[in-house]
Amino acid sequence: MRKIEAATLEEAYSLACRELECSMSELKYEIVQYPEKGLLGFFSKPAVIVADIDWQKRKASSEKVEAAPSQEKGHSDGALQESNTLSSEPVTDQGDRRETRKIEALESGLESEKASGVEKQKTLHGQGAEREILEGFFAESARAELSENETHSKKQEINSMDEAALASEIESTLSALMEKSCFEIDVVEVDVAEGTAYIFIDGEDAALLIGKEGYRYNALSYLLYNWLNARYGLHTKLEIAHFLSSQEEMIRKNLEPVIEHVRTEGWGRTRTLDGILVQLALEHLRSIFPDKYVAVKRQRDGKRYVLVNEFNSRK
């Protein structure tokens, strides 16, 4: 069995006959995949068949050729010579070949009609699929535009809201969230000023909410920022039981050697930092060196640090 691939089924049949050195009538095949034109040149599929020689048909054809009666010897030498000049093959072979060609032509015609019917169905199906894709694309674009308009209108409504009302809405939502959590949290306070939501959370399980090395704090801060920034366009500053204040004090002490190095050498960098410490170090160094280049950099292993250098310098 041979696997044949071609652009169309007719080409696959012809290629199989050439490779197997047989006629169409002696070809045994199975269609594995019908060809598809795809959409705009993409997702097209070739015709795939698995073909082999039908040995029973070949044997029957050879037996028929061998059993064919020879021509009567009633012809004159001139007639025999004329027939030999017209063809170098025996008359019986010519008749069998003509019959074989008729069978091949008939089968080829049937296969062409079948293939053309399949191609028409595939074309209609492809056109239908293309129409569905285009309709879906324009529908999705319309939904996206509507969603963008709704978001813009929501932001206009939010801008028109009073900061106190906005803080009250965020506070009530956060309080409901904490009540459904597994943590004992008693205090949830929110203030909104200058585009930033200042959130204070405290309670019996405040330390558990912070987590070891502040990993729960970082996760909660990230979630709150994505929610408040997407819905209200606000930045966030989260404080849980004075954790942020202690972190700010700690980062200030750790940055003192870096600050001294920058003042003497003109540049400096922090050690690798995680979570909220990166943002705190960045804000503190930018407040001390407003005329220098202060940015967060990433090492090859993915860890981050803060670099202080001359403005627009990449040292």
# chains A, B, ... in the order shown; residues from 1 in each chain; ligands from 1
>>> select_by_dssp(residues="range 160-282 of chain A", states="strand (DSSP E or B)", output="MDAnalysis selection string")
chainID A and resid 187:193 196:202 235:240 268:269 273
>>> closest_residue(among="A:His235, A:Asp205, A:Met250, A:Lys3", to="Leu20 in chain A", atoms="only C-alpha atoms")
A:Lys3
>>> atom_distance(atom1="CA of Lys303 in chain A", atom2="CA of Thr236 in chain A")
23.3 Å
>>> closest_residue(among="A:Tyr225, A:Val48, A:Val190, A:Ile201", to="Gln33 in chain A", atoms="only C-alpha atoms")
A:Val48
>>> atom_distance(atom1="CA of Arg298 in chain A", atom2="CA of Tyr222 in chain A")
19.1 Å
>>> residues_around(residues="Leu223 in chain A", least_positions_apart="6", cutoff="12 Å", atoms="only C-alpha atoms", output="list in words")
Leu174, Arg216, Tyr217, Asn229, Ala230, His235, Thr236, Lys237 and Leu238 of chain A
>>> residues_around(residues="range 195-198 of chain A", least_positions_apart="4", cutoff="12 Å", atoms="only C-alpha atoms", output="VMD selection string")
chain A and resid 158 to 159 162 to 164 166 to 171 188 to 191 221 224 to 225 227 to 229 232 to 240 244
>>> write_last_selection(atoms="N, CA, C and O atoms", output="tab-separated table (two decimals), in the first residue's frame")
chain	number	residue	atom	x	y	z
A	158	ILE	N	-17.67	57.29	36.60
A	158	ILE	CA	-16.78	57.22	37.76
A	158	ILE	C	-16.08	58.54	37.99
A	158	ILE	O	-15.92	59.00	39.13
A	159	ASN	N	-15.65	59.20	36.91
A	159	ASN	CA	-15.01	60.51	37.06
A	159	ASN	C	-15.94	61.55	37.65
A	159	ASN	O	-15.50	62.47	38.35
A	162	ASP	N	-18.13	61.48	43.33
A	162	ASP	CA	-17.35	62.09	44.38
A	162	ASP	C	-16.35	61.07	44.92
A	162	ASP	O	-16.64	59.87	44.97
A	163	GLU	N	-15.16	61.52	45.32
A	163	GLU	CA	-14.15	60.60	45.83
A	163	GLU	C	-14.64	59.88	47.07
A	163	GLU	O	-14.34	58.70	47.28
A	164	ALA	N	-15.41	60.56	47.89
A	164	ALA	CA	-15.95	59.92	49.10
A	164	ALA	C	-16.93	58.81	48.75
A	164	ALA	O	-16.92	57.73	49.36
A	166	LEU	N	-16.98	57.15	45.93
A	166	LEU	CA	-16.20	56.09	45.31
A	166	LEU	C	-15.51	55.24	46.37
A	166	LEU	O	-15.50	54.00	46.31
A	167	ALA	N	-14.94	55.89	47.38
A	167	ALA	CA	-14.28	55.17	48.46
A	167	ALA	C	-15.28	54.31	49.23
A	167	ALA	O	-14.98	53.17	49.62
A	168	SER	N	-16.49	54.84	49.43
A	168	SER	CA	-17.52	54.08	50.15
A	168	SER	C	-17.94	52.84	49.36
A	168	SER	O	-18.14	51.77	49.95
A	169	GLU	N	-18.05	52.98	48.05
A	169	GLU	CA	-18.43	51.84	47.22
A	169	GLU	C	-17.35	50.75	47.26
A	169	GLU	O	-17.66	49.56	47.40
A	170	ILE	N	-16.09	51.15	47.12
A	170	ILE	CA	-14.99	50.17	47.17
A	170	ILE	C	-14.91	49.53	48.54
A	170	ILE	O	-14.70	48.31	48.66
A	171	GLU	N	-15.11	50.31	49.58
A	171	GLU	CA	-15.02	49.78	50.93
A	171	GLU	C	-16.11	48.75	51.21
A	171	GLU	O	-15.86	47.70	51.81
A	188	VAL	N	-11.84	47.39	57.50
A	188	VAL	CA	-11.58	47.64	56.09
A	188	VAL	C	-11.90	49.11	55.83
A	188	VAL	O	-13.06	49.52	55.89
A	189	GLU	N	-10.87	49.88	55.57
A	189	GLU	CA	-11.04	51.32	55.33
A	189	GLU	C	-10.43	51.68	53.98
A	189	GLU	O	-9.33	51.22	53.65
A	190	VAL	N	-11.13	52.54	53.24
A	190	VAL	CA	-10.67	52.96	51.92
A	190	VAL	C	-10.79	54.47	51.80
A	190	VAL	O	-11.83	55.05	52.13
A	191	ASP	N	-9.71	55.09	51.33
A	191	ASP	CA	-9.71	56.52	51.00
A	191	ASP	C	-9.23	56.67	49.55
A	191	ASP	O	-8.29	55.98	49.13
A	221	SER	N	-2.54	42.41	46.69
A	221	SER	CA	-2.27	43.73	46.11
A	221	SER	C	-2.38	43.70	44.59
A	221	SER	O	-2.93	44.63	43.98
A	224	LEU	N	-6.15	43.44	43.68
A	224	LEU	CA	-6.85	44.71	43.90
A	224	LEU	C	-6.48	45.75	42.84
A	224	LEU	O	-7.35	46.51	42.38
A	225	TYR	N	-5.21	45.79	42.47
A	225	TYR	CA	-4.81	46.75	41.44
A	225	TYR	C	-5.51	46.47	40.11
A	225	TYR	O	-6.01	47.39	39.45
A	227	TRP	N	-8.30	44.97	39.57
A	227	TRP	CA	-9.72	45.27	39.68
A	227	TRP	C	-9.98	46.78	39.67
A	227	TRP	O	-10.76	47.29	38.86
A	228	LEU	N	-9.30	47.52	40.54
A	228	LEU	CA	-9.57	48.95	40.68
A	228	LEU	C	-9.08	49.74	39.48
A	228	LEU	O	-9.72	50.73	39.09
A	229	ASN	N	-7.98	49.32	38.89
A	229	ASN	CA	-7.47	50.06	37.73
A	229	ASN	C	-8.35	49.83	36.51
A	229	ASN	O	-8.60	50.75	35.73
A	232	TYR	N	-12.11	51.45	37.78
A	232	TYR	CA	-12.17	52.84	38.19
A	232	TYR	C	-10.99	53.68	37.69
A	232	TYR	O	-10.99	54.89	37.89
A	233	GLY	N	-9.98	53.03	37.10
A	233	GLY	CA	-8.81	53.77	36.66
A	233	GLY	C	-7.95	54.27	37.80
A	233	GLY	O	-7.28	55.31	37.67
A	234	LEU	N	-7.95	53.55	38.92
A	234	LEU	CA	-7.23	53.98	40.11
A	234	LEU	C	-5.97	53.15	40.32
A	234	LEU	O	-5.91	51.97	39.95
A	235	HIS	N	-4.97	53.78	40.92
A	235	HIS	CA	-3.82	53.03	41.45
A	235	HIS	C	-4.15	52.62	42.89
A	235	HIS	O	-5.08	53.15	43.50
A	236	THR	N	-3.40	51.69	43.42
A	236	THR	CA	-3.72	51.17	44.75
A	236	THR	C	-2.48	51.25	45.66
A	236	THR	O	-1.34	51.14	45.20
A	237	LYS	N	-2.77	51.38	46.94
A	237	LYS	CA	-1.75	51.29	47.98
A	237	LYS	C	-2.39	50.53	49.13
A	237	LYS	O	-3.29	51.05	49.80
A	238	LEU	N	-1.93	49.30	49.33
A	238	LEU	CA	-2.55	48.40	50.30
A	238	LEU	C	-1.72	48.34	51.58
A	238	LEU	O	-0.51	48.11	51.53
A	239	GLU	N	-2.39	48.53	52.70
A	239	GLU	CA	-1.75	48.41	54.01
A	239	GLU	C	-2.52	47.39	54.84
A	239	GLU	O	-3.74	47.51	55.03
A	240	ILE	N	-1.80	46.35	55.30
A	240	ILE	CA	-2.41	45.32	56.14
A	240	ILE	C	-1.65	45.31	57.47
A	240	ILE	O	-0.49	44.88	57.52
A	244	LEU	N	2.91	47.45	55.34
A	244	LEU	CA	3.53	48.31	54.34
A	244	LEU	C	4.46	49.33	54.99
A	244	LEU	O	5.54	49.61	54.48
>>> closest_residue(among="A:Ile288, A:Leu277, A:Val262, A:Ala60", to="Gln247 in chain A", atoms="only C-alpha atoms")
A:Leu277
>>> closest_residue(among="A:Ile210, A:Ala219, A:Asp274, A:Leu255", to="Phe243 in chain A", atoms="only C-alpha atoms")
A:Ile210
>>> residues_around(residues="Glu184 in chain A", least_positions_apart="5", cutoff="8 Å", atoms="only C-alpha atoms", output="NGL selection string")
:A and (178-179 or 203-206)
